[in-house]
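See below for start.txt, which holds compact mmCIF, C-alpha atoms and all ligand atoms.
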# COMPACT_ATOMS: atom_id res chain seq x y z
CA MET A 22 23.93 -5.34 -19.23
CA ARG A 23 20.65 -7.18 -19.63
CA ILE A 24 17.55 -6.02 -17.81
CA ALA A 25 14.06 -7.50 -17.62
CA VAL A 26 11.02 -5.45 -16.60
CA SER A 27 7.90 -7.33 -15.53
CA ARG A 28 5.34 -4.83 -16.92
CA VAL A 29 5.16 -1.63 -18.91
CA ILE A 30 6.11 1.20 -16.51
CA PRO A 31 6.36 4.98 -17.06
CA GLU A 32 8.72 5.91 -19.90
CA VAL A 33 11.14 7.83 -17.72
CA GLY A 34 12.15 4.56 -16.05
CA LEU A 35 12.30 2.51 -19.24
CA ASN A 36 14.36 5.20 -20.98
CA LEU A 37 16.96 5.23 -18.22
CA LEU A 38 17.27 1.46 -18.48
CA ARG A 39 17.40 1.46 -22.30
CA GLU A 40 20.24 3.99 -22.28
CA ALA A 41 22.20 1.56 -20.12
CA GLY A 42 21.57 -1.84 -21.62
CA ASP A 43 19.38 -4.39 -23.33
CA VAL A 44 15.87 -4.20 -21.94
CA THR A 45 13.06 -6.72 -22.32
CA VAL A 46 9.64 -5.67 -21.08
CA TRP A 47 6.62 -7.89 -20.37
CA GLU A 48 3.98 -6.18 -22.49
CA GLY A 49 0.96 -8.02 -21.09
CA GLU A 50 -1.85 -6.20 -19.31
CA LEU A 51 -1.74 -8.91 -16.65
CA PRO A 52 1.43 -9.91 -14.81
CA PRO A 53 3.57 -12.69 -16.29
CA SER A 54 3.21 -16.17 -14.82
CA ARG A 55 6.31 -17.52 -13.14
CA ASP A 56 7.34 -19.44 -16.28
CA GLU A 57 6.74 -16.39 -18.43
CA LEU A 58 8.83 -14.29 -16.08
CA VAL A 59 11.65 -16.83 -16.15
CA ARG A 60 11.60 -16.85 -19.96
CA LEU A 61 11.52 -13.03 -20.05
CA ALA A 62 14.41 -12.68 -17.60
CA GLU A 63 16.61 -15.59 -18.70
CA GLY A 64 20.21 -14.35 -18.73
CA ALA A 65 19.28 -10.94 -17.25
CA ASP A 66 21.56 -9.17 -14.76
CA GLY A 67 18.79 -7.08 -13.30
CA LEU A 68 15.08 -7.62 -12.76
CA LEU A 69 12.61 -4.77 -12.25
CA THR A 70 9.50 -6.16 -10.56
CA LEU A 71 6.12 -5.01 -9.29
CA LEU A 72 4.20 -6.10 -6.21
CA THR A 73 2.36 -8.61 -8.40
CA GLU A 74 5.49 -10.76 -8.80
CA ARG A 75 6.46 -13.24 -6.11
CA VAL A 76 10.26 -13.25 -5.85
CA ASP A 77 11.60 -16.19 -3.85
CA GLY A 78 14.44 -18.70 -3.79
CA ASP A 79 12.84 -20.87 -6.47
CA LEU A 80 12.58 -17.95 -8.90
CA LEU A 81 16.14 -16.82 -8.19
CA ASP A 82 17.47 -20.35 -8.66
CA ARG A 83 15.87 -20.38 -12.09
CA LEU A 84 17.45 -17.00 -12.88
CA PRO A 85 21.02 -17.39 -11.59
CA SER A 86 22.36 -14.43 -13.58
CA VAL A 87 20.16 -11.90 -11.74
CA ARG A 88 22.11 -9.72 -9.30
CA VAL A 89 19.44 -7.19 -8.39
CA VAL A 90 15.68 -7.22 -7.89
CA SER A 91 14.36 -3.69 -8.01
CA ASN A 92 10.74 -3.51 -6.84
CA MET A 93 8.71 -0.53 -8.07
CA ALA A 94 6.87 -0.23 -4.73
CA VAL A 95 7.50 0.77 -1.15
CA GLY A 96 6.10 -2.54 0.10
CA PHE A 97 8.23 -5.64 -0.40
CA ASP A 98 6.10 -8.43 1.05
CA ASN A 99 6.20 -10.00 -2.44
CA ILE A 100 9.93 -10.57 -2.01
CA ASP A 101 11.70 -13.11 0.15
CA VAL A 102 14.52 -10.77 1.11
CA ALA A 103 16.41 -13.45 3.07
CA ALA A 104 16.42 -15.73 0.01
CA CYS A 105 17.79 -12.84 -2.07
CA THR A 106 20.48 -12.03 0.50
CA GLU A 107 21.54 -15.68 0.71
CA ARG A 108 22.11 -15.65 -3.03
CA GLY A 109 23.87 -12.30 -3.04
CA VAL A 110 20.99 -10.59 -4.85
CA ALA A 111 20.35 -6.95 -3.93
CA VAL A 112 16.74 -5.90 -3.25
CA CYS A 113 15.68 -2.30 -3.84
CA THR A 114 12.39 -0.44 -3.28
CA THR A 115 10.86 2.99 -3.91
CA PRO A 116 9.99 4.64 -0.58
CA ASP A 117 9.55 8.40 0.01
CA VAL A 118 8.51 9.30 -3.54
CA LEU A 119 4.99 7.94 -2.96
CA THR A 120 4.41 9.04 0.63
CA GLU A 121 2.30 12.15 0.02
CA THR A 122 0.32 10.66 -2.86
CA THR A 123 -0.56 7.60 -0.78
CA ALA A 124 -1.60 9.77 2.16
CA ASP A 125 -3.84 11.77 -0.19
CA LEU A 126 -5.72 8.62 -1.17
CA ALA A 127 -6.04 7.42 2.42
CA PHE A 128 -7.67 10.73 3.25
CA GLY A 129 -9.77 10.57 0.11
CA LEU A 130 -11.16 7.18 1.13
CA LEU A 131 -11.82 8.46 4.62
CA LEU A 132 -13.86 11.34 3.23
CA ALA A 133 -15.55 9.13 0.63
CA VAL A 134 -16.83 6.66 3.22
CA ALA A 135 -17.78 9.19 5.88
CA ARG A 136 -19.58 11.53 3.48
CA ARG A 137 -20.91 8.68 1.34
CA ILE A 138 -19.58 10.18 -1.88
CA PRO A 139 -19.62 7.01 -4.05
CA GLU A 140 -23.08 6.12 -2.77
CA GLY A 141 -24.39 9.56 -3.67
CA HIS A 142 -22.71 9.49 -7.05
CA ASN A 143 -24.21 6.09 -7.83
CA ALA A 144 -27.67 7.30 -6.83
CA VAL A 145 -27.40 10.34 -9.11
CA ARG A 146 -26.17 8.20 -12.01
CA ALA A 147 -28.94 5.67 -11.53
CA GLY A 148 -31.60 8.41 -11.49
CA ALA A 149 -32.46 7.35 -7.94
CA TRP A 150 -31.93 10.78 -6.40
CA ARG A 151 -35.02 12.94 -6.75
CA THR A 152 -34.70 15.81 -4.33
CA TRP A 153 -32.67 17.26 -1.51
CA GLU A 154 -33.22 14.99 1.44
CA PRO A 155 -32.98 16.32 4.97
CA MET A 156 -32.42 12.80 6.27
CA GLY A 157 -30.55 11.31 3.35
CA TYR A 158 -26.86 10.38 3.09
CA LEU A 159 -26.01 11.34 6.63
CA GLY A 160 -22.59 10.36 7.89
CA PRO A 161 -20.08 11.26 10.57
CA ASP A 162 -18.16 14.51 10.52
CA VAL A 163 -14.53 14.23 9.62
CA HIS A 164 -13.33 17.55 11.03
CA GLY A 165 -12.91 17.47 14.76
CA ALA A 166 -13.14 13.67 14.92
CA THR A 167 -10.50 11.36 16.39
CA LEU A 168 -8.21 9.61 13.92
CA GLY A 169 -6.22 6.58 15.01
CA ILE A 170 -3.17 5.88 12.88
CA VAL A 171 -1.70 2.39 13.09
CA GLY A 172 1.93 2.54 11.96
CA LEU A 173 3.60 5.94 12.16
CA GLY A 174 6.13 5.59 9.36
CA ARG A 175 6.41 8.06 6.53
CA ILE A 176 2.91 7.50 5.21
CA GLY A 177 1.27 7.41 8.64
CA GLN A 178 2.94 10.72 9.46
CA ALA A 179 1.78 12.27 6.19
CA VAL A 180 -1.80 11.22 7.03
CA ALA A 181 -1.42 12.76 10.49
CA ARG A 182 -0.40 16.08 8.91
CA ARG A 183 -3.52 16.08 6.75
CA ALA A 184 -5.64 15.32 9.81
CA ARG A 185 -4.36 18.43 11.54
CA GLY A 186 -5.77 20.53 8.72
CA PHE A 187 -9.15 18.96 9.50
CA ASN A 188 -8.72 19.82 13.16
CA MET A 189 -8.77 16.14 14.09
CA ARG A 190 -7.41 14.66 17.26
CA VAL A 191 -4.69 12.22 16.25
CA LEU A 192 -3.80 9.02 18.10
CA TYR A 193 -1.22 6.56 16.88
CA HIS A 194 -0.01 3.09 17.61
CA ALA A 195 3.43 1.86 16.67
CA PRO A 196 5.61 -0.80 18.27
CA ARG A 197 7.76 1.94 19.75
CA ARG A 198 6.82 5.47 20.74
CA ARG A 199 8.03 8.29 18.52
CA PRO A 200 8.39 11.25 20.93
CA GLU A 201 10.30 13.23 18.32
CA VAL A 202 7.34 13.26 15.94
CA GLU A 203 4.56 13.30 18.54
CA GLU A 204 4.93 16.99 19.13
CA GLU A 205 5.28 17.98 15.49
CA LEU A 206 2.18 15.97 14.58
CA GLY A 207 0.26 16.58 17.77
CA ALA A 208 -0.21 12.80 17.99
CA GLU A 209 -0.70 10.76 21.15
CA TRP A 210 0.53 7.17 21.49
CA ARG A 211 -1.94 4.47 22.49
CA GLU A 212 -1.91 0.71 22.88
CA LEU A 213 -3.66 -0.77 19.85
CA ASP A 214 -6.76 -1.76 21.82
CA ALA A 215 -7.13 1.72 23.31
CA LEU A 216 -6.64 3.35 19.91
CA LEU A 217 -9.33 1.14 18.38
CA ALA A 218 -11.77 1.95 21.19
CA GLU A 219 -11.21 5.73 21.10
CA SER A 220 -10.99 6.44 17.37
CA ASP A 221 -13.74 7.56 15.00
CA PHE A 222 -11.50 6.68 12.06
CA VAL A 223 -8.73 4.09 12.08
CA SER A 224 -6.19 4.19 9.24
CA LEU A 225 -3.64 1.41 8.72
CA HIS A 226 -0.08 2.24 7.65
CA VAL A 227 1.97 -0.80 8.58
CA PRO A 228 4.00 -2.98 6.24
CA LEU A 229 2.77 -6.56 5.77
CA ASN A 230 4.94 -8.99 7.68
CA GLU A 231 4.54 -11.81 10.19
CA GLN A 232 3.73 -9.33 12.98
CA THR A 233 1.05 -7.47 11.05
CA ARG A 234 -0.61 -10.25 9.03
CA GLY A 235 -4.21 -10.48 10.24
CA MET A 236 -3.61 -7.92 13.01
CA ILE A 237 -7.12 -6.52 12.53
CA GLY A 238 -9.49 -9.42 13.23
CA ARG A 239 -12.78 -10.02 15.05
CA GLU A 240 -11.43 -9.06 18.43
CA GLN A 241 -9.99 -5.78 17.16
CA LEU A 242 -13.04 -4.85 15.09
CA ARG A 243 -15.31 -5.50 18.08
CA ARG A 244 -13.32 -2.97 20.05
CA MET A 245 -14.07 -0.22 17.54
CA LYS A 246 -17.02 2.14 17.87
CA PRO A 247 -20.16 1.15 15.94
CA SER A 248 -19.88 4.61 14.35
CA ALA A 249 -16.23 4.11 13.31
CA VAL A 250 -14.66 3.75 9.88
CA LEU A 251 -11.65 1.57 9.02
CA ILE A 252 -9.29 2.70 6.26
CA ASN A 253 -6.73 0.32 4.73
CA THR A 254 -4.20 1.59 2.20
CA ALA A 255 -1.43 -0.69 3.49
CA ARG A 256 -1.80 -4.34 2.46
CA GLY A 257 -4.99 -6.41 2.28
CA PRO A 258 -3.90 -9.28 4.58
CA VAL A 259 -3.35 -6.86 7.50
CA VAL A 260 -7.15 -7.09 7.89
CA GLN A 261 -8.94 -10.44 8.16
CA THR A 262 -11.52 -10.16 5.40
CA ASP A 263 -14.04 -12.55 7.00
CA ALA A 264 -13.86 -10.60 10.25
CA LEU A 265 -14.45 -7.34 8.39
CA LEU A 266 -17.47 -8.84 6.67
CA GLU A 267 -18.80 -9.95 10.04
CA ALA A 268 -18.15 -6.47 11.43
CA MET A 269 -20.32 -4.95 8.70
CA GLU A 270 -23.02 -7.62 9.12
CA GLN A 271 -23.13 -7.16 12.88
CA GLY A 272 -22.75 -3.38 12.86
CA TRP A 273 -19.52 -3.47 14.87
CA ILE A 274 -18.26 -0.65 12.64
CA TRP A 275 -19.99 1.88 10.38
CA GLY A 276 -17.94 1.56 7.22
CA ALA A 277 -14.63 0.85 5.58
CA GLY A 278 -12.46 2.32 2.84
CA LEU A 279 -10.10 -0.19 1.28
CA ASP A 280 -7.49 0.41 -1.37
CA VAL A 281 -6.10 -3.06 -0.70
CA THR A 282 -7.97 -6.28 -0.03
CA ASP A 283 -7.39 -9.97 0.61
CA PRO A 284 -7.80 -11.48 -1.91
CA GLU A 285 -6.87 -8.82 -4.39
CA PRO A 286 -8.88 -8.18 -6.44
CA LEU A 287 -11.94 -8.89 -4.34
CA PRO A 288 -14.33 -10.88 -6.59
CA ALA A 289 -17.11 -8.63 -7.90
CA ASP A 290 -19.72 -10.78 -6.14
CA HIS A 291 -17.94 -10.67 -2.77
CA PRO A 292 -20.50 -9.95 -0.01
CA LEU A 293 -18.42 -7.04 1.32
CA LEU A 294 -19.14 -5.15 -1.89
CA ARG A 295 -22.86 -5.22 -1.12
CA TYR A 296 -22.38 -2.66 1.63
CA PRO A 297 -22.65 0.88 0.25
CA ARG A 298 -20.46 2.13 3.09
CA VAL A 299 -17.64 -0.18 2.09
CA VAL A 300 -15.72 1.74 -0.55
CA VAL A 301 -13.07 -0.19 -2.45
CA THR A 302 -10.51 1.22 -4.87
CA PRO A 303 -8.20 -0.92 -7.04
CA HIS A 304 -4.86 -0.50 -5.20
CA ILE A 305 -4.30 2.99 -6.60
CA ALA A 306 -2.87 4.89 -3.64
CA SER A 307 0.37 5.79 -5.46
CA ALA A 308 -1.33 6.29 -8.84
CA SER A 309 -0.66 9.93 -9.64
CA PHE A 310 1.09 10.84 -12.89
CA THR A 311 4.03 12.37 -11.06
CA THR A 312 4.43 9.71 -8.40
CA ARG A 313 4.30 6.72 -10.72
CA ALA A 314 6.93 8.42 -12.90
CA ARG A 315 9.09 9.02 -9.82
CA MET A 316 8.70 5.41 -8.71
CA ALA A 317 9.73 4.15 -12.16
CA GLU A 318 12.72 6.48 -12.19
CA LEU A 319 13.85 5.47 -8.70
CA ALA A 320 13.38 1.76 -9.46
CA ALA A 321 15.53 2.19 -12.59
CA ARG A 322 18.20 4.17 -10.73
CA ASN A 323 18.34 1.57 -7.96
CA LEU A 324 18.76 -1.23 -10.47
CA LEU A 325 21.42 0.52 -12.54
CA ALA A 326 23.42 1.58 -9.50
CA VAL A 327 23.71 -2.04 -8.33
CA LEU A 328 24.79 -3.27 -11.76
CA ARG A 329 27.34 -0.47 -12.04
CA GLY A 330 28.81 -1.27 -8.64
CA GLU A 331 27.59 2.05 -7.22
CA SER A 332 25.59 2.44 -4.08
CA PRO A 333 21.86 2.30 -4.92
CA PRO A 334 19.63 5.04 -3.46
CA ARG A 335 17.28 2.58 -1.70
CA CYS A 336 18.52 -0.92 -0.98
CA LEU A 337 17.14 -3.31 1.67
CA ASN A 338 20.19 -5.56 1.97
CA PRO A 339 23.25 -3.39 1.23
CA GLU A 340 25.43 -6.06 2.85
CA VAL A 341 25.33 -8.04 -0.42
CA LEU A 342 26.87 -5.10 -2.28
CA THR A 343 30.14 -5.25 -0.39
CA ARG A 344 30.59 -9.00 -0.78
CA ASP A 345 33.05 -10.31 -3.32
C1 LIG B 1 2.16 -0.12 -3.31
O1 LIG B 1 1.33 -0.75 -2.72
C2 LIG B 1 3.51 0.00 -2.87
O2 LIG B 1 3.92 -0.75 -1.97
O3 LIG B 1 4.24 0.83 -3.42
C1 LIG B 2 5.51 3.02 4.59
O1 LIG B 2 6.49 2.94 3.90
C2 LIG B 2 5.52 3.91 5.70
O2 LIG B 2 6.61 4.43 5.91
O3 LIG B 2 4.50 4.12 6.36

Full structure transcribed into structure tokens:
Amino acid sequence: MRIAVSRVIPEVGLNLLREAGDVTVWEGELPPSRDELVRLAEGADGLLTLLTERVDGDLLDRLPSVRVVSNMAVGFDNIDVAACTERGVAVCTTPDVLTETTADLAFGLLLAVARRIPEGHNAVRAGAWRTWEPMGYLGPDVHGATLGIVGLGRIGQAVARRARGFNMRVLYHAPRRRPEVEEELGAEWRELDALLAESDFVSLHVPLNEQTRGMIGREQLRRMKPSAVLINTARGPVVQTDALLEAMEQGWIWGAGLDVTDPEPLPADHPLLRYPRVVVTPHIASASFTTRARMAELAARNLLAVLRGESPPRCLNPEVLTRD
């Protein structure tokens, strides 16, 4: 079998693929362009992609031999799943293995913004910090505060568990109530507007789709407390960037911690980056040694299972597997 991989990924994944077939890997530091990807994957049976590759009908039509697209990510907004299904192409993802690592970073950003850790670090590095300041670097307490979680899937739940250790009150919003996890997590359901109004910290854990694109805009940010902090480790376009900038300008919220942005990357001269209480990380929520290795391994296993006619561990459109 022939397999194309759109970037260098942890060895454990590449080794599994190499044991099974002919593997071509895009060695660039930046993602391949569409033409480069087509050249790389010409004649391939399986394509291992990252969230930086847009997979749609046009790409698949240019790569008619591909039978599986295995995305090394939990999110799959980069993939037109319907177009894949129409063409009988299986789509696989890597959920679960990154849940705890992603929740760790969400909590890390929350602490970093509230306790102004990057700001303090930058001051020390710049020689701008001269003495202990009774009035310097004040921020809101994390422990005992109210955390509003938007999207109570695996990652949202893992964030809720961390919040309990900080003795936080946990609210959540999800399209449907989750009574079975409410008790375990000590979480209370709220309408989105009520959650925004009551929370000291709001953390987003929804997938990006037509329902969630731009769901946090001016109206939502204005409902938040002026002392509140917004955390986004989901997908950049869930938050309207211009509205967030206005929220910082107008003092509608106190700060934001963003692992994802729209656009991504945010240009270095973007006005949002002028606010010391806006902390931005480069889409690294799953970036632990162990988790990235597990994602690569699962992505490889998914891909190989489809090509071998076995049932892949995590497939979004298993109906294509049973077709002739
Ligand atoms: C990363 O953003 C992922 O979806 O895995
Ligand atoms: C994301 O996959 C989530 O389950 O929250």

Close residues to ligand LIG 1 (chain B) using all atoms listed in the file, limit 10 Å, as an MDAnalysis selection string: chainID A and resid 71:73 92:99 114:120 123 228:229 254:257 280:281 304:308 313 316

Could you give me, as JSON lines, a per-residue list for chain A showing, wherever an atom lies at most 6 Å from an atom of ligand LIG 2 (chain B), the closest pair of atoms and their distance in Å to one decimal, using only C-alpha atoms and all ligand atoms and sorting by chain then residue number from low to high?
{"residue": "A:Val95", "atom": "CA", "partner": "B:LIG2", "partner_atom": "O1", "distance": 5.6}
{"residue": "A:Pro116", "atom": "CA", "partner": "B:LIG2", "partner_atom": "O1", "distance": 5.9}
{"residue": "A:Gly174", "atom": "CA", "partner": "B:LIG2", "partner_atom": "O2", "distance": 3.7}
{"residue": "A:Arg175", "atom": "CA", "partner": "B:LIG2", "partner_atom": "O2", "distance": 3.7}
{"residue": "A:Ile176", "atom": "CA", "partner": "B:LIG2", "partner_atom": "O3", "distance": 3.9}
{"residue": "A:Gly177", "atom": "CA", "partner": "B:LIG2", "partner_atom": "O3", "distance": 5.1}
{"residue": "A:His226", "atom": "CA", "partner": "B:LIG2", "partner_atom": "O3", "distance": 5.1}
{"residue": "A:Val227", "atom": "CA", "partner": "B:LIG2", "partner_atom": "O3", "distance": 6.0}

Range 286-299 of chain A surroundings by only C-alpha atoms, 6 Å radius, close-in-sequence under 6 positions cut, as a PyMOL selection string: chain A and resi 134+266+276-278

Proximity to Ala208 in chain A - best of A:Ala195, A:Ala181, A:Val26, A:Leu225, only C-alpha atoms: A:Ala181

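Here CA of Thr302 in chain A is placed at a distance of 22.1 Å from CA of Thr70 in chain A.
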
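For the set A:Pro139, A:Gly67, A:Gly235, A:Gly169, the residue with the smallest atom-to-atom gap to Ile252 in chain A is A:Gly169, counting all atoms listed in the file.
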
Within 8 Å of Ala104 in chain A, counting only C-alpha atoms, which residues show up once you throw out same-chain ones fewer than 3 positions away? Write them as a ChimeraX atom specification, please. /A:77-78,101,107-108

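Considering only C-alpha atoms, the residue among A:Val89, A:Ala264, A:Leu216, A:Met269 positioned nearest to Cys336 in chain A is A:Val89.
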
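The coordinates place CA of Ala124 in chain A at 5.8 Å from CA of Ala179 in chain A.
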
Would you be able to write out as a ChimeraX atom specification which residues have an atom within 12 Å of (1.4, -13.4, -12.7) in the file's coordinates, counting all atoms listed in the file? /A:27-28,47,49-59,70-76,99
